[in-house]
Amino acid sequence: MKWLEKLQTIDRRIIYLLLALSIILPLLFPIGLPLEISKNTQAVYEQIDKLPPGSVVLVSYDWDAASAPELLPQAEAITKHILEKKLKLVAVALWNQGATFADRVHNSVAPEVGAEYGKDYVNLGYRPGQAVVLNSLARDIHATFPEDVTRTRTASIPMMQDIKTIEDIDLIVCLSAGDPGLRTYIEQIGAQYPVTITGGVTAVSVPGMLPYLQSGDLVGLLGGMSGAAQYEMLVDRPGLGMGGMDAQSIAHLLIIAFIFIGNIAYVAVGRKKK
Amino acid sequence: MRRELPIAITFVSGILFLLDYFVKIPYLSEYVVGHFLDWAIVVAAFALLLGAANLLRIHVQRIVKGKKEWWNSLILLVAMFVMAIVPIIWTQQNAVYEYLFKHFFEHLNGTMFSLLAFYIASAAYRAFRIRTKEATVLLIAAVVVMLGATPIGAAIWKGFPQYSDWLQTVFTTAGMRGIMIGASLGAMVTALRIIFGIDRSYFGGQ
């Protein structure tokens, strides 16, 4: 049958159009599919939640604009949790665009929780050098990041007076889209110093992080937009993560539907030829 | 000396870093290795500068020679200089930089990555055929993981997230662990070859 053969070769423009609609329509008209909190997301939440006020959390922005839809909502939800708990937040970046995103997250979250720059949080910016930066940071944060993004000397920032080496950091939260990123922190900091490392990655990076989760080198992990949506639910701050989950669900379903259509036609045509 | 000196420096610094990774020796770790790290960051910063200079050279040549679609090179250079100079002079919290980053760069970069979704959808439809038993297993695993990763999977059947998790924590992790151990062993061997001067490819053409 000709129509079965046609089903195997649907014009790619039709696929593109349907995929675009499957993403746009749920964003415009949310379905509100129920979310379940995974154990890895819960573990990240608990690591931050159990810290006493005044503890220091290093948040590393190791991603670029391409990964922002997944990692920006993660960063906003985690930052809200950290600042609401009255923890001290030190933001750094191993990717050059990370520092700009850190600013954006701080500008969005800090006014909500009444946090003050220099007292509750600081953005030390980007340094090139990848793994070397982490080794250097562990020894001397002020020497590795002599100025923050506003060009204020790190040593003169009030909250940085007592934060000088990795020993002054209570938790590392690395949000990464690849290398250098979470893996680099585990290898360069986690392997040498007794500090807990947690974080979030893009969905495509999750498989690469699973061995570290099982070995205990990494405690908890946010995976892609799904992880962001779950964390937003935990901190009661609906945002881009929860908003995007319906679109992601329908897009996945559409791709599966296309795969099934292609295979049904393939099997039917194959049988007919036999 | 042109060969011996770089090999000696590589050997000493390599051994120092290796030793420091496992044992923190007072003074040596703090001052000697610390200074090496500072130098490495400076070298990395210069590498960025070198990359920018190389980009400048290539695209200036394209513009000067009036090569095909030379205006793309001009746009690239203007964008590169504006995005570099504005934050250097007025910090990254400057309104011009923030506007350009948010309204131009971010969308352009995001669009490039988003296009992948369309190519993947089209490729999955065309290539994911149950031609063999192995392909069938792969297809079933892919469907379970895709549905398990989204809320709609759990809405259809509660088992999707559980089986997705099982597939990833057992099979995927085992595979990833194997790849990681293999790659790590390879990296160790390469590092030792460089430290002991067996691999001299970093000399570049000598």
# chains A, B, ... in the order shown; residues from 1 in each chain; ligands from 1
call {"tool": "closest_atom_pairs", "arguments": {"of": "chain A", "to": "chain B", "cutoff": "6 Å", "atoms": "only C-alpha atoms", "output": "JSON lines"}}
result
{"residue": "A:Tyr16", "atom": "CA", "partner": "B:Phe118", "partner_atom": "CA", "distance": 5.8}
{"residue": "A:Leu35", "atom": "CA", "partner": "B:Pro151", "partner_atom": "CA", "distance": 5.7}
{"residue": "A:Ala65", "atom": "CA", "partner": "B:Glu106", "partner_atom": "CA", "distance": 5.1}
{"residue": "A:Ala66", "atom": "CA", "partner": "B:Gly110", "partner_atom": "CA", "distance": 4.2}
{"residue": "A:Pro128", "atom": "CA", "partner": "B:Ala44", "partner_atom": "CA", "distance": 5.8}
{"residue": "A:Gly129", "atom": "CA", "partner": "B:Ile41", "partner_atom": "CA", "distance": 5.1}
{"residue": "A:Ser136", "atom": "CA", "partner": "B:Leu37", "partner_atom": "CA", "distance": 5.9}
{"residue": "A:Leu210", "atom": "CA", "partner": "B:Thr173", "partner_atom": "CA", "distance": 5.7}
{"residue": "A:Pro211", "atom": "CA", "partner": "B:Thr173", "partner_atom": "CA", "distance": 5.6}
{"residue": "A:Ser249", "atom": "CA", "partner": "B:Thr150", "partner_atom": "CA", "distance": 5.3}
{"residue": "A:Ile255", "atom": "CA", "partner": "B:Ala121", "partner_atom": "CA", "distance": 5.7}
{"residue": "A:Phe258", "atom": "CA", "partner": "B:Tyr125", "partner_atom": "CA", "distance": 5.5}
{"residue": "A:Ile259", "atom": "CA", "partner": "B:Tyr125", "partner_atom": "CA", "distance": 4.7}
{"residue": "A:Asn263", "atom": "CA", "partner": "B:Arg129", "partner_atom": "CA", "distance": 5.7}
call {"tool": "select_by_dssp", "arguments": {"residues": "segment 50-225 of chain A", "states": "alpha helix (DSSP H)", "output": "ChimeraX atom specification"}}
result
/A:68-84,98-113,131-139,141-144,182-185,206-215,224-225
call {"tool": "atom_distance", "arguments": {"atom1": "atom CA of Asn96 of chain A", "atom2": "atom CA of Leu213 of chain A"}}
result
27.0 Å
call {"tool": "closest_residue", "arguments": {"among": "A:Val109, A:Val195, A:Val92, A:Met159", "to": "Ser60 of chain A", "atoms": "only C-alpha atoms"}}
result
A:Val92
call {"tool": "residues_around", "arguments": {"residues": "Lys6 of chain A", "least_positions_apart": "2", "cutoff": "12 Å", "atoms": "only C-alpha atoms", "output": "list in words"}}
result
Met1, Lys2, Trp3, Leu4, Gln8, Thr9, Ile10, Asp11, Ile261, Gly262, Ile264, Ala265, Tyr266 and Val269 of chain A
call {"tool": "decode", "arguments": {"residues": "segment 87-98 of chain B", "atoms": "all heavy atoms", "output": "CSV table (one decimal), in the first residue's frame"}}
result
chain,number,residue,atom,x,y,z
B,87,PRO,N,32.3,45.4,28.5
B,87,PRO,CA,32.5,45.0,29.9
B,87,PRO,C,33.9,45.3,30.4
B,87,PRO,O,34.0,45.4,31.6
B,87,PRO,CB,32.2,43.5,29.8
B,87,PRO,CG,32.3,43.1,28.4
B,87,PRO,CD,32.1,44.3,27.6
B,88,ILE,N,34.9,45.4,29.5
B,88,ILE,CA,36.3,45.7,30.0
B,88,ILE,C,36.3,47.1,30.6
B,88,ILE,O,36.8,47.4,31.7
B,88,ILE,CB,37.3,45.5,28.9
B,88,ILE,CG1,37.6,44.0,28.7
B,88,ILE,CG2,38.7,46.2,29.3
B,88,ILE,CD1,38.5,43.7,27.5
B,89,ILE,N,35.6,48.0,29.9
B,89,ILE,CA,35.6,49.4,30.3
B,89,ILE,C,34.6,49.7,31.4
B,89,ILE,O,35.0,50.3,32.4
B,89,ILE,CB,35.3,50.4,29.1
B,89,ILE,CG1,36.4,50.2,28.0
B,89,ILE,CG2,35.3,51.8,29.6
B,89,ILE,CD1,36.2,50.9,26.8
B,90,TRP,N,33.4,49.1,31.3
B,90,TRP,CA,32.3,49.5,32.2
B,90,TRP,C,31.8,48.3,33.1
B,90,TRP,O,30.7,48.4,33.6
B,90,TRP,CB,31.2,50.1,31.5
B,90,TRP,CG,31.5,51.4,30.9
B,90,TRP,CD1,31.7,52.6,31.5
B,90,TRP,CD2,31.6,51.7,29.5
B,90,TRP,NE1,31.9,53.6,30.6
B,90,TRP,CE2,31.9,53.0,29.3
B,90,TRP,CE3,31.5,50.9,28.3
B,90,TRP,CZ2,32.1,53.6,28.1
B,90,TRP,CZ3,31.7,51.5,27.1
B,90,TRP,CH2,32.0,52.8,27.0
B,91,THR,N,32.6,47.2,33.2
B,91,THR,CA,32.2,46.0,33.9
B,91,THR,C,31.0,45.3,33.2
B,91,THR,O,30.3,45.9,32.4
B,91,THR,CB,31.9,46.1,35.4
B,91,THR,OG1,30.5,46.6,35.5
B,91,THR,CG2,32.8,47.1,36.1
B,92,GLN,N,30.8,44.0,33.6
B,92,GLN,CA,29.7,43.3,32.9
B,92,GLN,C,28.3,43.7,33.4
B,92,GLN,O,27.3,43.2,32.8
B,92,GLN,CB,29.9,41.8,33.2
B,92,GLN,CG,29.7,41.4,34.6
B,92,GLN,CD,29.6,39.9,34.8
B,92,GLN,OE1,30.5,39.1,34.2
B,92,GLN,NE2,28.7,39.4,35.5
B,93,GLN,N,28.3,44.5,34.4
B,93,GLN,CA,26.9,45.0,34.9
B,93,GLN,C,26.5,46.2,34.1
B,93,GLN,O,25.5,46.9,34.5
B,93,GLN,CB,27.0,45.2,36.4
B,93,GLN,CG,27.2,43.9,37.1
B,93,GLN,CD,27.2,44.1,38.6
B,93,GLN,OE1,27.4,45.1,39.1
B,93,GLN,NE2,26.9,43.0,39.3
B,94,ASN,N,27.2,46.6,33.0
B,94,ASN,CA,26.9,47.7,32.2
B,94,ASN,C,25.6,47.4,31.4
B,94,ASN,O,25.4,46.3,30.9
B,94,ASN,CB,28.1,48.0,31.3
B,94,ASN,CG,27.7,49.0,30.2
B,94,ASN,OD1,27.3,48.6,29.1
B,94,ASN,ND2,27.9,50.2,30.6
B,95,ALA,N,24.7,48.4,31.2
B,95,ALA,CA,23.4,48.2,30.6
B,95,ALA,C,23.6,47.8,29.1
B,95,ALA,O,22.8,47.0,28.6
B,95,ALA,CB,22.6,49.5,30.7
B,96,VAL,N,24.6,48.3,28.4
B,96,VAL,CA,24.8,48.0,27.0
B,96,VAL,C,25.1,46.5,26.8
B,96,VAL,O,24.5,45.8,26.0
B,96,VAL,CB,25.9,48.9,26.4
B,96,VAL,CG1,26.2,48.5,24.9
B,96,VAL,CG2,25.5,50.4,26.4
B,97,TYR,N,26.1,46.1,27.7
B,97,TYR,CA,26.5,44.7,27.6
B,97,TYR,C,25.3,43.8,28.0
B,97,TYR,O,25.1,42.8,27.3
B,97,TYR,CB,27.7,44.5,28.6
B,97,TYR,CG,28.1,43.0,28.7
B,97,TYR,CD1,28.8,42.4,27.7
B,97,TYR,CD2,27.7,42.3,29.8
B,97,TYR,CE1,29.1,41.0,27.8
B,97,TYR,CE2,28.0,40.9,29.9
B,97,TYR,CZ,28.7,40.3,28.9
B,97,TYR,OH,29.0,39.0,29.1
B,98,GLU,N,24.6,44.1,29.0
B,98,GLU,CA,23.5,43.3,29.5
B,98,GLU,C,22.4,43.2,28.4
B,98,GLU,O,21.9,42.1,28.1
B,98,GLU,CB,22.9,43.9,30.8
B,98,GLU,CG,23.7,43.4,32.0
B,98,GLU,CD,23.1,44.0,33.3
B,98,GLU,OE1,22.0,44.6,33.2
B,98,GLU,OE2,23.6,43.7,34.3
